[in-house]
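Report on the structure given below.
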Amino acid sequence: MIALDTNVLVYAHRAESVFHERAFECVKGLAEGSRPWGIPVSCLHEFLSIVTHPKIFRPASSYEQALDQVDAWLASPVAHILHSNAQHWRILSDLTRKAKLQGGQFHDARIAAICLENGVSVLYSADRDFGRFKALKTANPLLD
């Protein structure tokens, strides 16, 4: 299963992004494909908070536009919202110890743990910080 990080979702949604076309095509390819893919629930929350924030985008997406966008992605028959499960704490604490995390790094660790719990084979992200989690394979779909 492929998972999508927040930045790919934001770029796919916001047409003014220089990465919009590539991100849009990436998400469209997953949504129209036959292979399971998912979005960690933390990334959905973060997507909503970013695209509706008036200090980040002018104009910001309305909550209706943001919710409709998520609904459209999740209408794909092979899309899944990825949640934490009974193994979350064990995986998160293991990632924390191995990467010696602190401060804001725990947000990415939570996403990585959710991906690992759900059998994600690769996380599509433009964020190189996920490289600290050796157990999770990442790829940047925005690069050639």
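Identifiers in the structure tokens: chain A, B, ... in order shown; residue index from 1 per chain; ligand index from 1 in order shown.
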Long-range neighbours of Leu44 in chain A as a PyMOL selection string, 12 Å cut-off, only C-alpha atoms, 5 positions minimum in chain
chain A and resi 3-10+38-39+49-51+66-67+69-71+73-74+80-83+111
Okay, now the selection with N, CA and C atoms, as a PDB file, in the first residue's frame?
```
ATOM      1  N   ALA A   3       1.040   5.331   0.825  1.00  0.00           N
ATOM      2  CA  ALA A   3       0.399   6.354   1.652  1.00  0.00           C
ATOM      3  C   ALA A   3       0.861   7.728   1.167  1.00  0.00           C
ATOM      4  N   LEU A   4       0.026   8.726   1.398  1.00  0.00           N
ATOM      5  CA  LEU A   4       0.327  10.099   0.988  1.00  0.00           C
ATOM      6  C   LEU A   4       0.513  10.995   2.200  1.00  0.00           C
ATOM      7  N   ASP A   5       1.584  11.762   2.169  1.00  0.00           N
ATOM      8  CA  ASP A   5       1.864  12.738   3.212  1.00  0.00           C
ATOM      9  C   ASP A   5       1.103  14.037   2.909  1.00  0.00           C
ATOM     10  N   THR A   6       1.004  14.866   3.907  1.00  0.00           N
ATOM     11  CA  THR A   6       0.255  16.119   3.819  1.00  0.00           C
ATOM     12  C   THR A   6       0.700  16.996   2.658  1.00  0.00           C
ATOM     13  N   ASN A   7       2.000  17.128   2.456  1.00  0.00           N
ATOM     14  CA  ASN A   7       2.470  18.059   1.431  1.00  0.00           C
ATOM     15  C   ASN A   7       1.989  17.658   0.039  1.00  0.00           C
ATOM     16  N   VAL A   8       1.931  16.375  -0.258  1.00  0.00           N
ATOM     17  CA  VAL A   8       1.430  15.934  -1.558  1.00  0.00           C
ATOM     18  C   VAL A   8      -0.051  16.293  -1.694  1.00  0.00           C
ATOM     19  N   LEU A   9      -0.799  16.107  -0.620  1.00  0.00           N
ATOM     20  CA  LEU A   9      -2.229  16.440  -0.638  1.00  0.00           C
ATOM     21  C   LEU A   9      -2.451  17.936  -0.845  1.00  0.00           C
ATOM     22  N   VAL A  10      -1.691  18.749  -0.129  1.00  0.00           N
ATOM     23  CA  VAL A  10      -1.832  20.210  -0.256  1.00  0.00           C
ATOM     24  C   VAL A  10      -1.505  20.646  -1.677  1.00  0.00           C
ATOM     25  N   GLY A  38      -3.532   4.914   0.827  1.00  0.00           N
ATOM     26  CA  GLY A  38      -4.171   5.493   1.986  1.00  0.00           C
ATOM     27  C   GLY A  38      -3.590   6.827   2.395  1.00  0.00           C
ATOM     28  N   ILE A  39      -4.307   7.438   3.314  1.00  0.00           N
ATOM     29  CA  ILE A  39      -3.891   8.718   3.886  1.00  0.00           C
ATOM     30  C   ILE A  39      -3.914   8.553   5.404  1.00  0.00           C
ATOM     31  N   SER A  49      -6.117  21.797   8.226  1.00  0.00           N
ATOM     32  CA  SER A  49      -5.659  23.001   8.932  1.00  0.00           C
ATOM     33  C   SER A  49      -4.799  23.896   8.052  1.00  0.00           C
ATOM     34  N   ILE A  50      -4.077  23.319   7.110  1.00  0.00           N
ATOM     35  CA  ILE A  50      -3.210  24.124   6.237  1.00  0.00           C
ATOM     36  C   ILE A  50      -4.010  24.828   5.145  1.00  0.00           C
ATOM     37  N   VAL A  51      -4.822  24.068   4.394  1.00  0.00           N
ATOM     38  CA  VAL A  51      -5.470  24.678   3.228  1.00  0.00           C
ATOM     39  C   VAL A  51      -6.558  25.670   3.597  1.00  0.00           C
ATOM     40  N   ALA A  66     -12.349  22.139   1.285  1.00  0.00           N
ATOM     41  CA  ALA A  66     -11.387  21.186   1.843  1.00  0.00           C
ATOM     42  C   ALA A  66     -12.051  19.837   2.132  1.00  0.00           C
ATOM     43  N   LEU A  67     -13.222  19.872   2.742  1.00  0.00           N
ATOM     44  CA  LEU A  67     -13.929  18.618   3.043  1.00  0.00           C
ATOM     45  C   LEU A  67     -14.360  17.906   1.767  1.00  0.00           C
ATOM     46  N   GLN A  69     -12.842  18.051  -1.059  1.00  0.00           N
ATOM     47  CA  GLN A  69     -11.639  17.481  -1.658  1.00  0.00           C
ATOM     48  C   GLN A  69     -11.310  16.127  -1.027  1.00  0.00           C
ATOM     49  N   VAL A  70     -11.338  16.071   0.295  1.00  0.00           N
ATOM     50  CA  VAL A  70     -11.060  14.809   0.990  1.00  0.00           C
ATOM     51  C   VAL A  70     -12.106  13.764   0.607  1.00  0.00           C
ATOM     52  N   ASP A  71     -13.365  14.158   0.570  1.00  0.00           N
ATOM     53  CA  ASP A  71     -14.429  13.225   0.159  1.00  0.00           C
ATOM     54  C   ASP A  71     -14.170  12.680  -1.247  1.00  0.00           C
ATOM     55  N   TRP A  73     -11.241  12.348  -2.785  1.00  0.00           N
ATOM     56  CA  TRP A  73     -10.142  11.377  -2.730  1.00  0.00           C
ATOM     57  C   TRP A  73     -10.610  10.049  -2.157  1.00  0.00           C
ATOM     58  N   LEU A  74     -11.379  10.118  -1.081  1.00  0.00           N
ATOM     59  CA  LEU A  74     -11.807   8.895  -0.405  1.00  0.00           C
ATOM     60  C   LEU A  74     -12.925   8.160  -1.138  1.00  0.00           C
ATOM     61  N   HIS A  80      -8.033   4.409   1.542  1.00  0.00           N
ATOM     62  CA  HIS A  80      -8.259   4.084   2.947  1.00  0.00           C
ATOM     63  C   HIS A  80      -7.757   5.222   3.825  1.00  0.00           C
ATOM     64  N   ILE A  81      -8.446   5.460   4.922  1.00  0.00           N
ATOM     65  CA  ILE A  81      -7.912   6.326   5.975  1.00  0.00           C
ATOM     66  C   ILE A  81      -7.138   5.398   6.903  1.00  0.00           C
ATOM     67  N   LEU A  82      -5.892   5.738   7.143  1.00  0.00           N
ATOM     68  CA  LEU A  82      -5.029   4.901   7.973  1.00  0.00           C
ATOM     69  C   LEU A  82      -5.024   5.418   9.406  1.00  0.00           C
ATOM     70  N   HIS A  83      -5.363   4.542  10.329  1.00  0.00           N
ATOM     71  CA  HIS A  83      -5.446   4.880  11.748  1.00  0.00           C
ATOM     72  C   HIS A  83      -4.395   4.115  12.551  1.00  0.00           C
ATOM     73  N   ILE A 111       3.109   9.823  12.058  1.00  0.00           N
ATOM     74  CA  ILE A 111       2.722   9.440  10.696  1.00  0.00           C
ATOM     75  C   ILE A 111       3.469   8.172  10.280  1.00  0.00           C
TER      76      ILE A 111
END
```
With a distance cut-off of 12 Å and only C-alpha atoms, select the neighbouring residues of Lys100 in chain A, excluding the residue or stretch itself and same-chain residues fewer than 5 positions from it, and output the selection as a list in words.
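Near neighbours after the sequence-gap exclusion: Leu92, Ser93, Asp94, Leu95, Gln105, Phe106, Ala109, Arg132 and Phe133 of chain A.
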Would you output that residue set with C-alpha atoms, as a PDB file, in the first residue's frame?
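The file below, result05.pdb, is the result:
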```pdb
ATOM      1  CA  LEU A  92       6.193   4.890  17.931  1.00  0.00           C
ATOM      2  CA  SER A  93       8.473   4.347  20.913  1.00  0.00           C
ATOM      3  CA  ASP A  94      10.810   2.195  18.801  1.00  0.00           C
ATOM      4  CA  LEU A  95      11.013   4.904  16.118  1.00  0.00           C
ATOM      5  CA  GLN A 105       9.867  15.542  15.210  1.00  0.00           C
ATOM      6  CA  PHE A 106       7.165  13.501  16.947  1.00  0.00           C
ATOM      7  CA  ALA A 109       7.064   9.839  13.866  1.00  0.00           C
ATOM      8  CA  ARG A 132      15.300   9.398   9.857  1.00  0.00           C
ATOM      9  CA  PHE A 133      12.866   6.460  10.046  1.00  0.00           C
TER      10      PHE A 133
END
```
In Å to one decimal, how far is CA of Glu64 in chain A from CA of Pro77 in chain A?
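If I compute the distance from CA of Pro77 in chain A to CA of Glu64 in chain A, I get 22.0 Å.
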Who sits within 12 Å of Tyr11 in chain A, only C-alpha atoms, same chain under 2 positions skipped, as a ChimeraX atom specification:
/A:4-9,13-27,47,50-51,57,125-126,141-142
For the residues in that selection, give me N, CA and C atoms as a short mmCIF file (atom, residue, chain, number, x, y, z; two decimals), in the first residue's frame.
```cif
data_model
loop_
_atom_site.label_atom_id
_atom_site.label_comp_id
_atom_site.auth_asym_id
_atom_site.auth_seq_id
_atom_site.Cartn_x
_atom_site.Cartn_y
_atom_site.Cartn_z
N LEU A 4 0.03 8.73 1.40
CA LEU A 4 0.33 10.10 0.99
C LEU A 4 0.51 10.99 2.20
N ASP A 5 1.58 11.76 2.17
CA ASP A 5 1.86 12.74 3.21
C ASP A 5 1.10 14.04 2.91
N THR A 6 1.00 14.87 3.91
CA THR A 6 0.26 16.12 3.82
C THR A 6 0.70 17.00 2.66
N ASN A 7 2.00 17.13 2.46
CA ASN A 7 2.47 18.06 1.43
C ASN A 7 1.99 17.66 0.04
N VAL A 8 1.93 16.38 -0.26
CA VAL A 8 1.43 15.93 -1.56
C VAL A 8 -0.05 16.29 -1.69
N LEU A 9 -0.80 16.11 -0.62
CA LEU A 9 -2.23 16.44 -0.64
C LEU A 9 -2.45 17.94 -0.84
N HIS A 13 -4.20 19.81 -4.13
CA HIS A 13 -5.42 20.60 -3.93
C HIS A 13 -5.26 22.04 -4.39
N ARG A 14 -4.13 22.64 -4.12
CA ARG A 14 -3.93 24.07 -4.38
C ARG A 14 -3.30 24.28 -5.75
N ALA A 15 -4.09 24.78 -6.70
CA ALA A 15 -3.67 24.93 -8.09
C ALA A 15 -2.52 25.90 -8.27
N GLU A 16 -2.34 26.85 -7.35
CA GLU A 16 -1.26 27.83 -7.51
C GLU A 16 0.12 27.27 -7.14
N SER A 17 0.17 26.09 -6.57
CA SER A 17 1.44 25.49 -6.20
C SER A 17 2.25 25.12 -7.44
N VAL A 18 3.55 25.36 -7.39
CA VAL A 18 4.41 24.97 -8.51
C VAL A 18 4.44 23.45 -8.67
N PHE A 19 4.07 22.72 -7.61
CA PHE A 19 4.05 21.26 -7.66
C PHE A 19 2.65 20.70 -7.93
N HIS A 20 1.69 21.59 -8.20
CA HIS A 20 0.30 21.13 -8.33
C HIS A 20 0.11 20.04 -9.38
N GLU A 21 0.59 20.27 -10.57
CA GLU A 21 0.34 19.32 -11.66
C GLU A 21 0.87 17.92 -11.32
N ARG A 22 2.09 17.86 -10.84
CA ARG A 22 2.68 16.54 -10.51
C ARG A 22 1.94 15.89 -9.34
N ALA A 23 1.62 16.68 -8.32
CA ALA A 23 0.92 16.13 -7.16
C ALA A 23 -0.49 15.69 -7.56
N PHE A 24 -1.17 16.50 -8.36
CA PHE A 24 -2.51 16.16 -8.82
C PHE A 24 -2.50 14.85 -9.60
N GLU A 25 -1.56 14.72 -10.52
CA GLU A 25 -1.46 13.50 -11.33
C GLU A 25 -1.11 12.29 -10.47
N CYS A 26 -0.30 12.48 -9.46
CA CYS A 26 0.04 11.40 -8.54
C CYS A 26 -1.20 10.89 -7.82
N VAL A 27 -1.95 11.81 -7.23
CA VAL A 27 -3.15 11.42 -6.48
C VAL A 27 -4.20 10.84 -7.44
N PHE A 47 -3.83 18.52 6.60
CA PHE A 47 -4.30 19.07 5.33
C PHE A 47 -5.39 20.10 5.56
N ILE A 50 -4.08 23.32 7.11
CA ILE A 50 -3.21 24.12 6.24
C ILE A 50 -4.01 24.83 5.15
N VAL A 51 -4.82 24.07 4.39
CA VAL A 51 -5.47 24.68 3.23
C VAL A 51 -6.56 25.67 3.60
N PHE A 57 -2.72 30.65 2.84
CA PHE A 57 -3.24 30.83 1.48
C PHE A 57 -4.22 32.00 1.45
N SER A 125 6.11 11.51 -0.14
CA SER A 125 6.28 12.76 0.59
C SER A 125 7.40 13.58 -0.03
N ALA A 126 7.27 14.89 0.06
CA ALA A 126 8.35 15.79 -0.34
C ALA A 126 9.19 16.19 0.87
N PRO A 141 7.18 11.89 -5.10
CA PRO A 141 6.56 11.78 -6.41
C PRO A 141 6.60 13.07 -7.22
N LEU A 142 7.14 14.13 -6.65
CA LEU A 142 7.17 15.42 -7.31
C LEU A 142 8.45 15.64 -8.09
#
```
Can you list every residue in range 2-142 of chain A that DSSP puts in strand (DSSP E), as a list in words?
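So the strand (DSSP E) residues in range 2-142 of chain A would be Ile2, Ala3, Leu4, Trp37, Gly38, Ile39, Pro40, Ala79, His80, Ile81, Leu82, Val122, Leu123, Tyr124, Thr138 and Ala139 of chain A.
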Store the residues of this selection in a file with N, CA and C atoms, as an mmCIF file, in the first residue's frame.
```cif
data_model
loop_
_atom_site.group_PDB
_atom_site.id
_atom_site.type_symbol
_atom_site.label_atom_id
_atom_site.label_comp_id
_atom_site.auth_asym_id
_atom_site.auth_seq_id
_atom_site.Cartn_x
_atom_site.Cartn_y
_atom_site.Cartn_z
ATOM 1 N N ILE A 2 0.454 2.231 -0.764
ATOM 2 C CA ILE A 2 1.115 3.533 -0.806
ATOM 3 C C ILE A 2 0.333 4.478 0.093
ATOM 4 N N ALA A 3 1.040 5.331 0.825
ATOM 5 C CA ALA A 3 0.399 6.354 1.652
ATOM 6 C C ALA A 3 0.861 7.728 1.167
ATOM 7 N N LEU A 4 0.026 8.726 1.398
ATOM 8 C CA LEU A 4 0.327 10.099 0.988
ATOM 9 C C LEU A 4 0.513 10.995 2.200
ATOM 10 N N TRP A 37 -4.313 2.345 -1.578
ATOM 11 C CA TRP A 37 -3.516 3.479 -1.116
ATOM 12 C C TRP A 37 -4.259 4.112 0.056
ATOM 13 N N GLY A 38 -3.532 4.914 0.827
ATOM 14 C CA GLY A 38 -4.171 5.493 1.986
ATOM 15 C C GLY A 38 -3.590 6.827 2.395
ATOM 16 N N ILE A 39 -4.307 7.438 3.314
ATOM 17 C CA ILE A 39 -3.891 8.718 3.886
ATOM 18 C C ILE A 39 -3.914 8.553 5.404
ATOM 19 N N PRO A 40 -2.772 8.725 6.055
ATOM 20 C CA PRO A 40 -2.783 8.679 7.520
ATOM 21 C C PRO A 40 -3.728 9.749 8.073
ATOM 22 N N ALA A 79 -9.107 3.568 -1.782
ATOM 23 C CA ALA A 79 -8.556 4.525 -0.808
ATOM 24 C C ALA A 79 -8.931 4.125 0.613
ATOM 25 N N HIS A 80 -8.033 4.409 1.542
ATOM 26 C CA HIS A 80 -8.259 4.084 2.947
ATOM 27 C C HIS A 80 -7.757 5.222 3.825
ATOM 28 N N ILE A 81 -8.446 5.460 4.922
ATOM 29 C CA ILE A 81 -7.912 6.326 5.975
ATOM 30 C C ILE A 81 -7.138 5.398 6.903
ATOM 31 N N LEU A 82 -5.892 5.738 7.143
ATOM 32 C CA LEU A 82 -5.029 4.901 7.973
ATOM 33 C C LEU A 82 -5.024 5.418 9.406
ATOM 34 N N VAL A 122 5.361 2.224 0.852
ATOM 35 C CA VAL A 122 6.089 3.469 0.595
ATOM 36 C C VAL A 122 5.185 4.656 0.928
ATOM 37 N N LEU A 123 5.781 5.664 1.561
ATOM 38 C CA LEU A 123 5.103 6.924 1.846
ATOM 39 C C LEU A 123 5.566 7.930 0.807
ATOM 40 N N TYR A 124 4.616 8.484 0.047
ATOM 41 C CA TYR A 124 4.941 9.542 -0.895
ATOM 42 C C TYR A 124 4.955 10.858 -0.133
ATOM 43 N N THR A 138 10.378 5.837 1.732
ATOM 44 C CA THR A 138 9.710 7.035 1.236
ATOM 45 C C THR A 138 10.152 7.311 -0.195
ATOM 46 N N ALA A 139 9.319 8.043 -0.900
ATOM 47 C CA ALA A 139 9.637 8.477 -2.260
ATOM 48 C C ALA A 139 8.977 9.817 -2.488
#
```
Quick one: residues within 9 Å of Arg110 in chain A, only C-alpha atoms counted, chain neighbours fewer than 6 positions away excluded, as JSON, numbers by chain?
{"A": [42, 84, 88, 92]}
Using N, CA and C atoms, can you export the residues from the last selection as an mmCIF file, in the first residue's frame?
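Final file, again.cif:
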```cif
data_model
loop_
_atom_site.group_PDB
_atom_site.id
_atom_site.type_symbol
_atom_site.label_atom_id
_atom_site.label_comp_id
_atom_site.auth_asym_id
_atom_site.auth_seq_id
_atom_site.Cartn_x
_atom_site.Cartn_y
_atom_site.Cartn_z
ATOM 1 N N SER A 42 -3.629 11.560 10.581
ATOM 2 C CA SER A 42 -2.912 12.780 10.988
ATOM 3 C C SER A 42 -2.691 13.718 9.805
ATOM 4 N N SER A 84 -4.147 4.591 13.748
ATOM 5 C CA SER A 84 -3.282 3.846 14.655
ATOM 6 C C SER A 84 -4.069 2.654 15.191
ATOM 7 N N HIS A 88 0.521 0.765 17.989
ATOM 8 C CA HIS A 88 1.003 2.132 17.788
ATOM 9 C C HIS A 88 2.092 2.532 18.784
ATOM 10 N N LEU A 92 5.801 3.499 17.721
ATOM 11 C CA LEU A 92 6.193 4.890 17.931
ATOM 12 C C LEU A 92 7.380 4.998 18.880
#
```
Minimum-distance residue to Tyr63 in chain A, chosen among A:Met1, A:Gly119, A:His45, A:Arg90 (using only C-alpha atoms)
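Among the listed residues, the smallest separation from Tyr63 in chain A belongs to A:His45.
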Report as JSON, numbers by chain: the residues of range 28-73 of chain A with a DSSP assignment of alpha helix (DSSP H), based on the backbone of this structure.
{"A": [28, 29, 30, 31, 32, 41, 42, 43, 44, 45, 46, 47, 48, 49, 50, 51, 63, 64, 65, 66, 67, 68, 69, 70, 71, 72, 73]}
